[in-house]
Amino acid sequence: MSSPFLFAAGLSPAVHAVLTLRARHDLNSYMVAAVNLTTFHESKRLAIRSPETTEQAQYSTAFPVAVGLVHGTVEPEHVSTASLANPEIRRLAEGMTITESAEFNSAFPARRFSSVELQLKDERVLYSGPTEAPGDPEVPASPAQIRAKFHRYADARLGALRASAIDQAVERLGDGSGAELLFELATTAAIEGVSSCGYAGPTKPCR
């Protein structure tokens, strides 16, 4: 499984559902009066509406859904300490209704479903329907999606050139030709502590 998000996989269907609704109907969070989330039991147990630490935020069902409505995406900086006090995120998370579905419970753990209902301030009600996240076995991520996720997070941390070198080395693992280069790239990155700069080749590591 390759989730498009950087948090617990069980939360991904709910976040994907709300992001899909937001994009499909050109919404922003200020248009939303209330969020009703239906999920499976294990996901509901993680529904910390007012996380006090970034760890709680990352494992909260409610918080990433609220983040997705506010920002249109969920990135690492959105579950930082500063985001915990964001009044709009807190409004949506603290007011969220979360219920579990017998149907979704029966499907778990083989499959993970959630659905989202948005009550808008103009009195419209939008419903996502049962949703699985991309990257689950039944909705596999494409190689292009996996590569895009890698570069989204690795380029800024490793430098675009080094990240591209790792990408190319992984691509060559099938015939064995990329193993040595991948090991060297990983080793030099670990030794250096990694910095955001370009890659100069295996004998001239990024500084």
# chains A, B, ... in the order shown; residues from 1 in each chain; ligands from 1

call {"tool": "closest_atom_pairs", "arguments": {"of": "range 134-154 of chain A", "to": "range 63-80 of chain A", "cutoff": "12 Å", "atoms": "only C-alpha atoms", "output": "Markdown table"}}
result
| residue | atom | partner | partner_atom | distance |
| --- | --- | --- | --- | --- |
| A:Lys149 | CA | A:Glu75 | CA | 11.2 |
| A:Arg152 | CA | A:Glu75 | CA | 9.9 |
| A:Tyr153 | CA | A:Glu75 | CA | 9.2 |

call {"tool": "write_last_selection", "arguments": {"atoms": "N, CA and C atoms", "output": "JSON list (two decimals), in the first residue's frame"}}
result
[["chain", "number", "residue", "atom", "x", "y", "z"],
["A", 149, "LYS", "N", 4.78, 11.56, -5.36],
["A", 149, "LYS", "CA", 4.80, 11.70, -3.90],
["A", 149, "LYS", "C", 6.24, 11.74, -3.40],
["A", 152, "ARG", "N", 7.68, 15.11, -4.16],
["A", 152, "ARG", "CA", 7.03, 16.18, -3.41],
["A", 152, "ARG", "C", 7.69, 16.38, -2.06],
["A", 153, "TYR", "N", 8.12, 15.28, -1.45],
["A", 153, "TYR", "CA", 8.71, 15.38, -0.12],
["A", 153, "TYR", "C", 10.23, 15.32, -0.13]]

call {"tool": "select_by_dssp", "arguments": {"residues": "range 8-181 of chain A", "states": "strand (DSSP E)", "output": "PyMOL selection string"}}
result
chain A and resi 32-39+97-100+115-120+125-127

call {"tool": "atom_distance", "arguments": {"atom1": "CA of Met31 in chain A", "atom2": "CA of Arg124 in chain A"}}
result
10.0 Å

call {"tool": "closest_atom_pairs", "arguments": {"of": "range 81-196 of chain A", "to": "range 51-60 of chain A", "cutoff": "10 Å", "atoms": "only C-alpha atoms", "output": "Markdown table"}}
result
| residue | atom | partner | partner_atom | distance |
| --- | --- | --- | --- | --- |
| A:Thr81 | CA | A:Thr54 | CA | 6.0 |
| A:Ala82 | CA | A:Thr54 | CA | 9.4 |
| A:Ser83 | CA | A:Thr54 | CA | 8.9 |
| A:Leu84 | CA | A:Pro51 | CA | 6.9 |
| A:Ala85 | CA | A:Glu52 | CA | 9.1 |
| A:Arg90 | CA | A:Pro51 | CA | 9.3 |
| A:Ala93 | CA | A:Pro51 | CA | 9.6 |
| A:Glu94 | CA | A:Pro51 | CA | 9.9 |

call {"tool": "closest_atom_pairs", "arguments": {"of": "range 39-69 of chain A", "to": "range 109-115 of chain A", "cutoff": "12 Å", "atoms": "only C-alpha atoms", "output": "Markdown table"}}
result
| residue | atom | partner | partner_atom | distance |
| --- | --- | --- | --- | --- |
| A:Thr39 | CA | A:Ser114 | CA | 4.3 |
| A:Phe40 | CA | A:Ser114 | CA | 7.0 |
| A:His41 | CA | A:Pro109 | CA | 10.5 |
| A:Glu42 | CA | A:Pro109 | CA | 9.3 |
| A:Ser43 | CA | A:Ser114 | CA | 8.9 |
| A:Lys44 | CA | A:Ser114 | CA | 10.1 |
| A:Thr61 | CA | A:Ser114 | CA | 10.5 |
| A:Val65 | CA | A:Ser115 | CA | 11.3 |

call {"tool": "write_last_selection", "arguments": {"atoms": "N, CA and C atoms", "output": "tab-separated table (two decimals), in the first residue's frame"}}
result
chain	number	residue	atom	x	y	z
A	39	THR	N	-17.20	6.35	9.43
A	39	THR	CA	-15.98	5.58	9.22
A	39	THR	C	-16.10	4.23	9.93
A	40	PHE	N	-14.99	3.52	10.04
A	40	PHE	CA	-14.99	2.23	10.74
A	40	PHE	C	-14.49	2.44	12.18
A	41	HIS	N	-14.71	1.44	13.01
A	41	HIS	CA	-14.49	1.57	14.44
A	41	HIS	C	-13.08	2.02	14.78
A	42	GLU	N	-12.08	1.39	14.16
A	42	GLU	CA	-10.68	1.71	14.49
A	42	GLU	C	-10.34	3.15	14.14
A	43	SER	N	-10.92	3.65	13.06
A	43	SER	CA	-10.69	5.04	12.69
A	43	SER	C	-11.39	5.99	13.65
A	44	LYS	N	-12.61	5.64	14.05
A	44	LYS	CA	-13.34	6.49	15.00
A	44	LYS	C	-12.60	6.61	16.32
A	61	THR	N	-8.38	11.29	13.48
A	61	THR	CA	-9.24	11.26	12.30
A	61	THR	C	-9.80	12.65	12.00
A	65	VAL	N	-8.88	15.82	8.49
A	65	VAL	CA	-10.04	16.14	7.67
A	65	VAL	C	-10.29	17.65	7.70

call {"tool": "select_by_dssp", "arguments": {"residues": "range 33-154 of chain A", "states": "alpha helix (DSSP H)", "output": "PyMOL selection string"}}
result
chain A and resi 41-44+54-58+62-71+87-94+102-107+143-154

call {"tool": "write_last_selection", "arguments": {"atoms": "C-alpha atoms", "output": "PDB file, in the first residue's frame"}}
result
ATOM      1  CA  HIS A  41     -14.493   1.569  14.444  1.00  0.00           C
ATOM      2  CA  GLU A  42     -10.677   1.708  14.492  1.00  0.00           C
ATOM      3  CA  SER A  43     -10.689   5.040  12.690  1.00  0.00           C
ATOM      4  CA  LYS A  44     -13.343   6.485  14.996  1.00  0.00           C
ATOM      5  CA  THR A  54       1.779  16.971  16.557  1.00  0.00           C
ATOM      6  CA  GLU A  55       1.766  13.222  17.259  1.00  0.00           C
ATOM      7  CA  GLN A  56      -1.888  13.377  18.302  1.00  0.00           C
ATOM      8  CA  ALA A  57      -2.686  15.481  15.231  1.00  0.00           C
ATOM      9  CA  GLN A  58      -1.111  12.944  12.881  1.00  0.00           C
ATOM     10  CA  ALA A  62     -10.860  14.647  12.830  1.00  0.00           C
ATOM     11  CA  PHE A  63      -7.848  16.954  12.580  1.00  0.00           C
ATOM     12  CA  PRO A  64      -6.507  15.995   9.093  1.00  0.00           C
ATOM     13  CA  VAL A  65     -10.045  16.144   7.672  1.00  0.00           C
ATOM     14  CA  ALA A  66     -10.377  19.709   9.006  1.00  0.00           C
ATOM     15  CA  VAL A  67      -6.903  20.550   7.678  1.00  0.00           C
ATOM     16  CA  GLY A  68      -7.908  19.277   4.238  1.00  0.00           C
ATOM     17  CA  LEU A  69     -10.951  21.540   4.199  1.00  0.00           C
ATOM     18  CA  VAL A  70      -8.937  24.575   5.240  1.00  0.00           C
ATOM     19  CA  HIS A  71      -5.850  24.114   3.046  1.00  0.00           C
ATOM     20  CA  PRO A  87      -9.032  28.683  14.782  1.00  0.00           C
ATOM     21  CA  GLU A  88     -10.643  27.545  11.532  1.00  0.00           C
ATOM     22  CA  ILE A  89      -9.149  24.055  11.766  1.00  0.00           C
ATOM     23  CA  ARG A  90     -10.227  23.813  15.387  1.00  0.00           C
ATOM     24  CA  ARG A  91     -13.769  24.992  14.559  1.00  0.00           C
ATOM     25  CA  LEU A  92     -14.230  22.221  12.011  1.00  0.00           C
ATOM     26  CA  ALA A  93     -12.491  19.489  14.011  1.00  0.00           C
ATOM     27  CA  GLU A  94     -14.174  20.227  17.332  1.00  0.00           C
ATOM     28  CA  ALA A 102     -21.510  -1.578  10.431  1.00  0.00           C
ATOM     29  CA  GLU A 103     -20.813  -1.958   6.712  1.00  0.00           C
ATOM     30  CA  PHE A 104     -17.438  -0.252   6.992  1.00  0.00           C
ATOM     31  CA  ASN A 105     -16.624  -2.283  10.105  1.00  0.00           C
ATOM     32  CA  SER A 106     -17.332  -5.518   8.226  1.00  0.00           C
ATOM     33  CA  ALA A 107     -15.033  -4.512   5.386  1.00  0.00           C
ATOM     34  CA  PRO A 143       4.035   4.411 -10.629  1.00  0.00           C
ATOM     35  CA  ALA A 144       3.668   8.057 -11.641  1.00  0.00           C
ATOM     36  CA  GLN A 145       1.709   8.846  -8.462  1.00  0.00           C
ATOM     37  CA  ILE A 146       4.280   7.089  -6.279  1.00  0.00           C
ATOM     38  CA  ARG A 147       7.101   8.955  -7.998  1.00  0.00           C
ATOM     39  CA  ALA A 148       5.278  12.282  -7.636  1.00  0.00           C
ATOM     40  CA  LYS A 149       4.802  11.695  -3.901  1.00  0.00           C
ATOM     41  CA  PHE A 150       8.493  10.865  -3.496  1.00  0.00           C
ATOM     42  CA  HIS A 151       9.601  14.048  -5.247  1.00  0.00           C
ATOM     43  CA  ARG A 152       7.027  16.182  -3.409  1.00  0.00           C
ATOM     44  CA  TYR A 153       8.712  15.383  -0.120  1.00  0.00           C
ATOM     45  CA  ALA A 154      12.256  14.422  -1.095  1.00  0.00           C
TER      46      ALA A 154
END

call {"tool": "residues_around", "arguments": {"residues": "Val125 in chain A", "least_positions_apart": "5", "cutoff": "12 Å", "atoms": "only C-alpha atoms", "output": "NGL selection string"}}
result
:A and (21 or 25 or 31-36 or 116-120)

call {"tool": "atom_distance", "arguments": {"atom1": "CA of Glu138 in chain A", "atom2": "CA of Ala17 in chain A"}}
result
15.8 Å

call {"tool": "closest_residue", "arguments": {"among": "A:Ser101, A:Leu126, A:Arg45, A:Gly95", "to": "Thr20 in chain A", "atoms": "only C-alpha atoms"}}
result
A:Leu126

call {"tool": "atom_distance", "arguments": {"atom1": "CA of Arg162 in chain A", "atom2": "CA of Ser177 in chain A"}}
result
17.4 Å
